[in-house]
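Structure file model.tsv with TSV, C-alpha atoms:
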```tsv
chain	number	residue	atom	x	y	z
A	63	MET	CA	29.52	88.94	-44.43
A	64	THR	CA	26.44	87.36	-45.93
A	65	LEU	CA	26.49	84.79	-48.71
A	66	GLU	CA	24.62	86.07	-51.75
A	67	THR	CA	23.59	84.12	-54.85
A	68	ARG	CA	23.15	85.27	-58.42
A	69	THR	CA	22.09	83.47	-61.57
A	70	LEU	CA	23.48	84.06	-65.04
A	71	SER	CA	21.63	82.96	-68.14
A	72	GLN	CA	24.71	82.20	-70.22
A	73	ARG	CA	24.58	78.88	-72.04
A	74	VAL	CA	25.88	75.82	-70.17
A	75	GLU	CA	27.55	73.22	-72.39
A	76	ALA	CA	27.92	69.47	-71.90
A	77	ARG	CA	30.41	67.29	-73.76
A	78	ALA	CA	31.91	63.86	-73.46
A	79	THR	CA	35.58	63.46	-72.65
A	80	ALA	CA	37.81	60.39	-72.53
A	81	ASP	CA	37.19	60.22	-68.80
A	82	GLY	CA	33.43	60.90	-68.79
A	83	GLN	CA	31.18	63.95	-69.03
A	84	LEU	CA	32.10	67.62	-68.63
A	85	VAL	CA	29.87	70.69	-68.26
A	86	GLY	CA	30.91	74.31	-68.28
A	87	GLY	CA	30.37	77.82	-69.44
A	88	VAL	CA	30.62	81.42	-68.30
A	89	GLY	CA	29.72	81.43	-64.63
A	90	ILE	CA	30.14	85.14	-63.90
A	91	ALA	CA	29.99	87.92	-66.50
A	92	TYR	CA	31.93	91.12	-65.87
A	93	GLY	CA	30.55	94.50	-66.83
A	94	GLU	CA	26.95	93.37	-67.35
A	95	THR	CA	24.50	95.37	-65.26
A	96	THR	CA	21.58	93.40	-63.90
A	97	ASP	CA	18.39	94.27	-62.01
A	98	ILE	CA	18.20	92.78	-58.53
A	99	GLY	CA	14.61	92.40	-57.43
A	100	ASP	CA	13.56	95.79	-58.87
A	101	SER	CA	15.38	97.35	-55.89
A	102	PHE	CA	18.81	98.09	-57.31
A	103	ARG	CA	21.12	97.28	-60.20
A	104	GLU	CA	24.38	95.41	-59.86
A	105	VAL	CA	27.55	94.96	-61.89
A	106	PHE	CA	30.75	93.00	-61.26
A	107	ALA	CA	33.86	94.96	-62.17
A	108	PRO	CA	36.49	93.14	-64.27
A	109	GLY	CA	38.80	91.25	-61.92
A	110	ALA	CA	36.30	91.14	-59.04
A	111	PHE	CA	37.11	87.46	-58.42
A	112	ARG	CA	40.82	87.60	-59.33
A	113	ASN	CA	41.97	86.89	-55.77
A	114	ALA	CA	39.23	84.33	-55.07
A	115	LEU	CA	39.85	81.62	-57.66
A	116	SER	CA	42.59	79.83	-55.71
A	117	ALA	CA	40.24	79.11	-52.78
A	118	ASP	CA	38.38	75.86	-52.16
A	119	ILE	CA	35.29	76.41	-54.35
A	120	LEU	CA	32.49	73.90	-54.82
A	121	ALA	CA	30.36	73.04	-57.85
A	122	LEU	CA	26.91	72.18	-56.51
A	123	PHE	CA	23.69	70.84	-57.96
A	124	GLY	CA	21.11	73.57	-57.33
A	125	HIS	CA	23.10	75.21	-54.49
A	126	ASP	CA	22.64	72.06	-52.42
A	127	ARG	CA	25.83	71.56	-50.35
A	128	ASN	CA	24.93	67.88	-50.05
A	129	ARG	CA	25.05	67.41	-53.84
A	130	VAL	CA	28.65	68.18	-54.75
A	131	LEU	CA	29.52	67.88	-58.44
A	132	GLY	CA	33.12	69.08	-58.26
A	133	ARG	CA	35.67	70.97	-56.22
A	134	THR	CA	38.67	73.10	-57.11
A	135	THR	CA	40.95	71.47	-54.52
A	136	ALA	CA	40.12	68.05	-55.99
A	137	GLY	CA	40.79	69.27	-59.54
A	138	THR	CA	37.26	68.35	-60.64
A	139	LEU	CA	36.21	72.01	-60.93
A	140	ARG	CA	38.39	74.34	-62.95
A	141	LEU	CA	37.98	78.11	-63.04
A	142	ARG	CA	39.67	80.70	-65.18
A	143	GLU	CA	39.21	84.41	-65.47
A	144	ASP	CA	39.49	86.78	-68.40
A	145	GLN	CA	38.07	90.21	-69.24
A	146	GLN	CA	34.69	88.63	-70.01
A	147	GLY	CA	34.35	87.02	-66.58
A	148	VAL	CA	34.87	83.71	-64.81
A	149	HIS	CA	34.62	80.51	-66.87
A	150	TYR	CA	34.22	77.07	-65.36
A	151	GLU	CA	34.43	73.38	-66.22
A	152	ILE	CA	33.17	70.54	-64.05
A	153	ASP	CA	34.26	66.93	-64.54
A	154	LEU	CA	30.94	65.32	-63.73
A	155	PRO	CA	31.01	62.45	-61.26
A	156	ASP	CA	29.56	59.07	-62.22
A	157	THR	CA	26.70	59.59	-59.78
A	158	THR	CA	22.98	60.09	-60.18
A	159	ASP	CA	23.43	63.87	-59.96
A	160	GLY	CA	26.31	63.86	-62.46
A	161	ARG	CA	24.43	61.74	-65.01
A	162	ASP	CA	21.18	63.66	-64.49
A	163	LEU	CA	22.94	66.99	-65.01
A	164	ALA	CA	24.61	65.80	-68.22
A	165	VAL	CA	21.25	64.68	-69.61
A	166	SER	CA	19.44	67.85	-68.50
A	167	VAL	CA	22.09	70.16	-69.99
A	168	GLY	CA	22.14	68.12	-73.20
A	169	ARG	CA	18.35	68.39	-73.55
A	170	GLY	CA	18.39	72.13	-72.80
A	171	ASP	CA	16.48	71.79	-69.52
A	172	ILE	CA	19.33	73.32	-67.51
A	173	THR	CA	20.61	76.41	-69.28
A	174	GLY	CA	22.05	78.77	-66.70
A	175	THR	CA	24.64	79.08	-63.99
A	176	SER	CA	24.27	80.45	-60.51
A	177	PHE	CA	26.99	81.35	-58.02
A	178	GLY	CA	27.33	82.11	-54.35
A	179	PHE	CA	29.65	84.93	-53.29
A	180	ARG	CA	30.52	87.37	-50.54
A	181	ALA	CA	31.19	90.97	-51.49
A	182	ILE	CA	34.47	92.29	-50.05
A	183	LYS	CA	34.77	95.67	-51.76
A	184	GLU	CA	31.77	97.44	-53.26
A	185	THR	CA	30.56	100.93	-54.06
A	186	TRP	CA	27.03	102.26	-54.28
A	187	ASP	CA	25.75	105.02	-56.51
A	188	ASP	CA	22.58	106.37	-54.91
A	189	THR	CA	22.41	109.26	-57.39
A	190	VAL	CA	20.71	107.02	-59.96
A	191	GLU	CA	17.38	105.25	-59.71
A	192	PRO	CA	17.46	102.43	-58.94
A	193	PRO	CA	20.78	102.60	-57.04
A	194	LEU	CA	23.78	100.89	-58.68
A	195	ARG	CA	25.99	98.50	-56.74
A	196	THR	CA	29.43	97.85	-58.24
A	197	ILE	CA	31.30	94.90	-56.78
A	198	HIS	CA	35.06	95.40	-57.11
A	199	GLU	CA	36.21	92.39	-55.08
A	200	ALA	CA	34.38	89.29	-53.92
A	201	LEU	CA	34.96	85.80	-52.59
A	202	LEU	CA	33.53	82.98	-54.68
A	203	ARG	CA	32.06	80.16	-52.58
A	204	GLU	CA	30.23	77.99	-55.09
A	205	ILE	CA	29.03	77.68	-58.64
A	206	SER	CA	25.88	75.78	-59.65
A	207	PRO	CA	24.35	74.89	-63.01
A	208	THR	CA	20.67	75.82	-62.66
A	209	ALA	CA	17.37	75.18	-64.39
A	210	ASP	CA	16.00	78.64	-63.69
A	211	PRO	CA	18.34	81.33	-65.03
A	212	ALA	CA	16.62	84.18	-63.21
A	213	TYR	CA	17.97	85.99	-60.19
A	214	GLY	CA	17.19	84.25	-56.93
A	215	ASP	CA	16.19	85.59	-53.55
A	216	THR	CA	17.59	89.09	-53.21
A	217	THR	CA	16.54	89.83	-49.65
A	218	ILE	CA	20.13	89.25	-48.57
A	219	ALA	CA	21.35	91.78	-51.13
A	220	LEU	CA	18.66	94.24	-50.04
A	221	ARG	CA	20.09	94.08	-46.54
A	222	SER	CA	23.48	94.82	-48.09
A	223	LEU	CA	22.03	97.96	-49.64
A	224	ASP	CA	20.57	99.02	-46.29
A	225	ALA	CA	23.89	98.34	-44.56
A	226	ALA	CA	25.78	100.39	-47.16
A	227	ARG	CA	23.37	103.30	-46.76
A	228	LYS	CA	23.60	103.12	-42.96
A	229	GLU	CA	27.40	103.03	-43.14
A	230	ARG	CA	27.43	106.04	-45.47
A	231	ARG	CA	25.08	108.01	-43.16
A	232	SER	CA	27.27	107.15	-40.17
A	233	SER	CA	30.41	108.20	-42.05
A	234	ASN	CA	28.79	111.47	-43.16
A	235	PHE	CA	27.69	112.16	-39.58
A	236	SER	CA	31.22	111.47	-38.27
A	237	HIS	CA	32.74	113.85	-40.85
A	238	ALA	CA	30.21	116.55	-39.98
A	239	ALA	CA	30.89	116.13	-36.25
A	240	ARG	CA	34.66	116.34	-36.86
A	241	ARG	CA	34.23	119.54	-38.91
A	242	LEU	CA	32.08	121.04	-36.16
A	243	ARG	CA	34.70	120.20	-33.48
A	244	MET	CA	37.43	121.77	-35.63
A	245	LYS	CA	35.32	124.91	-36.13
A	246	ILE	CA	34.63	125.23	-32.41
A	247	SER	CA	38.32	124.67	-31.63
A	248	LEU	CA	39.35	127.35	-34.13
A	249	ASP	CA	36.70	129.74	-32.82
A	250	LEU	CA	37.95	129.26	-29.24
A	251	LYS	CA	41.58	129.79	-30.29
A	252	GLY	CA	40.55	132.93	-32.12
A	253	ARG	CA	38.95	134.33	-28.93
A	254	GLU	CA	42.11	133.87	-26.83
```
Before we go any further, please render this structure as structure tokens.
Amino acid sequence: MTLETRTLSQRVEARATADGQLVGGVGIAYGETTDIGDSFREVFAPGAFRNALSADILALFGHDRNRVLGRTTAGTLRLREDQQGVHYEIDLPDTTDGRDLAVSVGRGDITGTSFGFRAIKETWDDTVEPPLRTIHEALLREISPTADPAYGDTTIALRSLDAARKERRSSNFSHAARRLRMKISLDLKGRE
């Protein structure tokens, strides 16, 4: 399974708490179809991350695994899901990255959220142009406030499309071969 990243241009909010700064927003929107690199469209089905939110998920600065802002197992990243999608809150650390993020969100320089995931269960509709990928279940690996709320590198996802098409062709070939064997078997029995 390949890690894929997506960026959502929902508004990120920053606010002060008794213990410091907090940022959050909608990290993943359900039911919103999005173009992926002009190659296909993608939508997350409601509940796609339902089974993933109890895992050890990181909040990262710009997808950089060396710049951790929070973590679910530490209680510094909180996630909740509803019909709209997955919402998050990060208790920002008193570090350069934490302070910089609070300032950048407050000024409106960082306005979006990106996330890294692995698709577990997906379907493809190749009858429409461009093809539509619906993700029914996925693992969430990380969530990152981002300055550029546009979809990132989709070459990984394009390989996913190719893999799905190859799998479908292989499955269709296997079904056709099985039908042919059954027909031959029935024909031979009929000649006895």
Point to revise | For atom CA of Ala110 of chain A and atom CA of Ser176 of chain A, the interatomic separation in Å (one decimal) | key: 16.2 Å
Exercise for review: Around the point (32.8, 68.8, -67.8), in the coordinates given by the file, pick out the residues reaching within 6 Å, counting all atoms listed in the file, and return them as a ChimeraX atom specification.
Suggested key: /A:83-86,151-154
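Minimum atom-to-atom distance to Asp162 of chain A, evaluated using only C-alpha atoms, belongs to A:Phe123 out of A:Phe179, A:Tyr150, A:Trp186, A:Phe123.
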Practice item. For Asp187 of chain A, work out the shell of residues within 10 Å, counting all atoms listed in the file and skipping chain neighbours fewer than 4 positions away, then give it as a list in words. Key: Phe102, Arg103, Glu191, Pro192, Pro193, Leu194, Arg195 and Thr196 of chain A
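Counting from atom CA of Val190 of chain A, the distance to atom CA of Gly99 of chain A is 16.0 Å.
Straight-line separation from atom CA of Leu131 of chain A to atom CA of Tyr92 of chain A: 24.5 Å.
Across A:Thr185, A:Thr134, A:Thr158, A:Thr175, the tightest approach to Ala114 of chain A is made by A:Thr134 when counting only C-alpha atoms.
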Review point. Skipping near chain neighbours, those fewer than 5 positions away, what residues fall within 12 Å of Pro155 of chain A using all atoms listed in the file, listed as an MDAnalysis selection string?
Key: chainID A and resid 81:85 121:123 129:133 136 138:139 160:164
Study note, to complete from the structure: Shortest contact to Leu141 of chain A, candidates A:Gly93, A:Gly124, A:Gly178, A:Gly87, atoms counted all atoms listed in the file, goes to A:Gly87
**Study point:** Who sits within 10 Å of Asp144 of chain A, only C-alpha atoms, same chain under 2 positions skipped, as a ChimeraX atom specification
**Key:** /A:91-92,108-109,112,142,146-149
Edge lengths and centre in Å to one decimal, as JSON, is what I'm after for the box along x, y and z that holds all listed atoms of segment 88-106 of chain A once 3 Å is added on each side.
```
{"center_x": 22.7, "center_y": 89.8, "center_z": -62.1, "size_x": 24.4, "size_y": 22.7, "size_z": 18.4}
```
